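Here is the structure we will look at, set down as structure tokens.
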Amino acid sequence: MARPDLNLLLALDALLDEGSVIGAARRMNLSPPAMSRTLSRIREALGDPVFVQVGRKLMPTPKALALREQVRMAVEQATQVFESDTEIDLKSLDKRFNVRATDEFVSIYLGHLLAAMATEMPRAMLRFSPEEDDVDEEALRNGRIDLFISASRKLGSEIRVQSLFTTTFVGVARAQHPIFDDEITPERLTRWEHINVSRRGKALGPIDAALEGQGLRRHVALVVPSPYTALFALQDSDLLLPLPKHLASSALAAGLSIRLFELPTPLETVLLTQAWHPRLNNDPAHQWLRNTIHALCNMDAAQTARRSTSMR
């Protein structure tokens with residue numbers, strides 16, 4: 001059997017990621033005509049068109065989509081072989097990270113993380129992946145995502161997990177909401193309709209179990225996939241919104257006309273973690289990413305502790 005041309009693998013990875021001949025050519029330091037010739041060789045090797053023209057765009061074929069993660073993993077593993085004994089210059093490293101993260105992390109830490117990347121790894125790119133129907137640990141195993149930041153949950157035994165920070169839930173309402181006219185009791189909490197934030201479209205959350213224990217039930221009138229949509233929906237309504245405290249505080253600091261209140265049915269503290277597949281343990285760029293994220297979260301926790309101590 002003839003040996004495969006591994007340069008075609010690198011080119012296919014660039015084409016799948018960029019979605020254009022020009023973008024892939026730029027990444028591979030080739031001219032567009034040379035990249036087009038390489039695409040022809042890939043098509044011949046795979047026996048598949050790989051990309052088809054749809055309007056002005058190239059769209060990957062089903063076979064190309066099926067190969068996407070396999071190709072990406074093969075390229076990363078090959079890169080690690082040749083870089084295993086070489087000191088990596090992060091400042092000149094072209095790297096893309098596929099991250100799936102909670103809105104709490106994004107709202108609090110993304111700006112600080114991007115600032116650190118601009119200094120330490122300026123050619124890297126973060127690509128936030130939406131929550132999908134695939135199982136999170138499978139997405140880590142097959143390389144769809146490189147890092148998973150979420151509320152602590154059970155993952156596969158081989159998945160590496162590190163604690164980041166904890167948060168609690170608070171209530172959010174528009175600044176002039178009538179709920180603030182009197183003591184906020186569990187009964188008054190259920191008097192007004194609620195918004196539930198769920199990327200998977202769920203209407204129930206932890207607060208429903210807490211209310212049920214007191215013989216109460218809230219009416220969820222609106223379910224949205226994003227807390228930002230929910231926060232803007234509050235502005236002209238009497239809807240109530242339970243949110244993680246970090247996220248709600250960030251919205252208040254941003255100047256939204258809202259007020260926060262302690263929930264009369266306290267919910268459990270939520271631990272947020274970051275998780276990754278062990279094949280990335282020794283990858284220098286991935287090490288930098290997760291170490292930087294952990295340091296940012298620890299720094300914030302330390303500042304919060306100092307503020308709490310000074311207020312006593």
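By order of appearance in the structure tokens: chains A, B, ..., then residues from 1 within every chain, and ligands from 1 in the order shown.
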Inset, instruction - Just the residues within 9 Å of region 241-246 of chain A, please, counting only C-alpha atoms, with nothing from its chain fewer than 4 positions along; format it as a list in words. - result: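 Near region 241-246 of chain A, the qualifying residues are Glu104, Phe105, Ser107, Ile108, Thr167, Thr168, Phe169, Val170, Gly171, Val172, Ala173, His194, Ile195, Asn196, Val197, Ile207, Pro227, Ala230, Leu231, Leu234, Ser250, Ala251, Leu260, Leu263 and Val270 of chain A.
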Inset, instruction - Using DSSP on the backbone coordinates, identify all residues within region 117-183 of chain A classified as strand (DSSP E or B); present the result as a PyMOL selection string. - result: chain A and resi 124-128+147-151+160-167+169-174
Any chance you could export the current selection's N, CA, C and O atoms as a compact mmCIF listing (two decimals), in the first residue's frame?
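Saved file result.txt follows:
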```txt
# COMPACT_ATOMS: atom_id res chain seq x y z
N ALA A 124 -3.48 32.86 19.28
CA ALA A 124 -4.47 31.83 19.59
C ALA A 124 -5.88 32.38 19.41
O ALA A 124 -6.11 33.59 19.39
N MET A 125 -6.84 31.46 19.30
CA MET A 125 -8.23 31.84 19.13
C MET A 125 -9.11 30.97 20.01
O MET A 125 -8.92 29.75 20.10
N LEU A 126 -10.07 31.60 20.68
CA LEU A 126 -11.09 30.88 21.44
C LEU A 126 -12.33 30.73 20.58
O LEU A 126 -12.79 31.71 20.00
N ARG A 127 -12.85 29.53 20.53
CA ARG A 127 -14.10 29.30 19.81
C ARG A 127 -15.07 28.65 20.80
O ARG A 127 -14.86 27.51 21.23
N PHE A 128 -16.11 29.40 21.19
CA PHE A 128 -17.06 28.87 22.16
C PHE A 128 -18.10 28.01 21.44
O PHE A 128 -18.77 28.48 20.52
N LEU A 147 -12.08 21.98 26.18
CA LEU A 147 -12.25 22.31 27.59
C LEU A 147 -13.73 22.52 27.86
O LEU A 147 -14.44 23.15 27.07
N PHE A 148 -14.19 21.99 28.99
CA PHE A 148 -15.60 22.06 29.36
C PHE A 148 -15.71 22.71 30.73
O PHE A 148 -15.21 22.17 31.72
N ILE A 149 -16.32 23.89 30.80
CA ILE A 149 -16.49 24.63 32.05
C ILE A 149 -17.96 24.65 32.39
O ILE A 149 -18.78 25.19 31.63
N SER A 150 -18.31 24.04 33.52
CA SER A 150 -19.73 23.90 33.85
C SER A 150 -19.90 23.67 35.34
O SER A 150 -18.93 23.52 36.08
N ALA A 151 -21.17 23.62 35.75
CA ALA A 151 -21.46 23.18 37.12
C ALA A 151 -20.98 21.74 37.26
O ALA A 151 -21.05 20.94 36.32
N ARG A 160 -10.25 14.47 33.23
CA ARG A 160 -9.63 15.27 34.29
C ARG A 160 -10.54 16.44 34.66
O ARG A 160 -11.06 17.13 33.79
N VAL A 161 -10.71 16.67 35.96
CA VAL A 161 -11.62 17.72 36.45
C VAL A 161 -10.90 18.56 37.50
O VAL A 161 -10.19 18.03 38.35
N GLN A 162 -11.09 19.88 37.44
CA GLN A 162 -10.47 20.80 38.40
C GLN A 162 -11.51 21.82 38.85
O GLN A 162 -12.22 22.41 38.03
N SER A 163 -11.60 22.04 40.15
CA SER A 163 -12.55 23.02 40.69
C SER A 163 -12.10 24.44 40.37
O SER A 163 -10.91 24.75 40.38
N LEU A 164 -13.08 25.31 40.09
CA LEU A 164 -12.78 26.70 39.76
C LEU A 164 -13.34 27.68 40.79
O LEU A 164 -12.61 28.39 41.44
N PHE A 165 -14.66 27.73 40.94
CA PHE A 165 -15.26 28.64 41.91
C PHE A 165 -16.68 28.18 42.22
O PHE A 165 -17.23 27.32 41.54
N THR A 166 -17.26 28.76 43.26
CA THR A 166 -18.63 28.42 43.64
C THR A 166 -19.52 29.65 43.48
O THR A 166 -19.05 30.80 43.52
N THR A 167 -20.80 29.40 43.29
CA THR A 167 -21.77 30.48 43.19
C THR A 167 -23.09 30.03 43.78
O THR A 167 -23.32 28.83 43.96
N PHE A 169 -27.56 31.09 43.94
CA PHE A 169 -28.62 31.72 43.15
C PHE A 169 -29.25 32.88 43.91
O PHE A 169 -29.39 32.84 45.14
N VAL A 170 -29.62 33.92 43.16
CA VAL A 170 -30.37 35.05 43.71
C VAL A 170 -31.55 35.31 42.78
O VAL A 170 -31.62 34.80 41.66
N GLY A 171 -32.48 36.13 43.25
CA GLY A 171 -33.59 36.54 42.41
C GLY A 171 -33.27 37.86 41.73
O GLY A 171 -32.55 38.70 42.27
N VAL A 172 -33.83 38.05 40.54
CA VAL A 172 -33.62 39.29 39.78
C VAL A 172 -34.97 39.78 39.28
O VAL A 172 -35.81 38.99 38.82
N ALA A 173 -35.19 41.08 39.38
CA ALA A 173 -36.42 41.69 38.88
C ALA A 173 -36.10 43.11 38.42
O ALA A 173 -35.04 43.66 38.75
N ARG A 174 -37.00 43.69 37.65
CA ARG A 174 -36.79 45.09 37.26
C ARG A 174 -36.77 45.96 38.52
O ARG A 174 -37.34 45.62 39.56
```
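With only C-alpha atoms as the atoms that count, the residue of A:Asn298, A:Thr229, A:Thr292, A:Thr119 with the shortest distance to Asp103 (chain A) is A:Thr229.
Take the candidates A:Arg26, A:Glu18, A:Phe261, A:Arg37 and check each one against Lys57 (chain A) using only C-alpha atoms; the shortest distance goes to A:Glu18.
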Legend entry - Nearest to Trp276 (chain A), chosen from A:Glu187, A:Glu212, A:Glu137, A:Glu69, with only C-alpha atoms counted in the distances: A:Glu137
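Nearest-residue note for Met28 (chain A): choosing from A:Leu12, A:Ala116, A:Ala74, A:Val220, the minimum distance belongs to A:Leu12, counting only C-alpha atoms.
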Inset, instruction - Could you give me, as a PyMOL selection string, the residues within 12 Å of Pro60 (chain A), counting only C-alpha atoms and dropping anything in the same chain fewer than 6 positions from it? - result: chain A and resi 12-13+15-20+43+48-54+66-68
Legend entry - Distance criterion (only C-alpha atoms): nearest to Ser129 (chain A) out of A:Gln70, A:Gln77, A:Thr102, A:Thr190: A:Thr102
Inset, instruction - Based on DSSP run over this structure's backbone, return all residues of region 43-106 of chain A in helix (DSSP H, G or I), as a ChimeraX atom specification. - result: /A:43-46,62-83,90-92,103-106
Inset, instruction - Show which residues sit within 10 Å of Met35 (chain A), as a count of residues only. Count only C-alpha atoms, and ignore same-chain residues fewer than 4 positions away. - result: 16
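Closest approach to His286 (chain A) from the set A:Leu189, A:Ala34, A:Ala139, A:Leu93 is made by A:Leu93, with distances taken over only C-alpha atoms.
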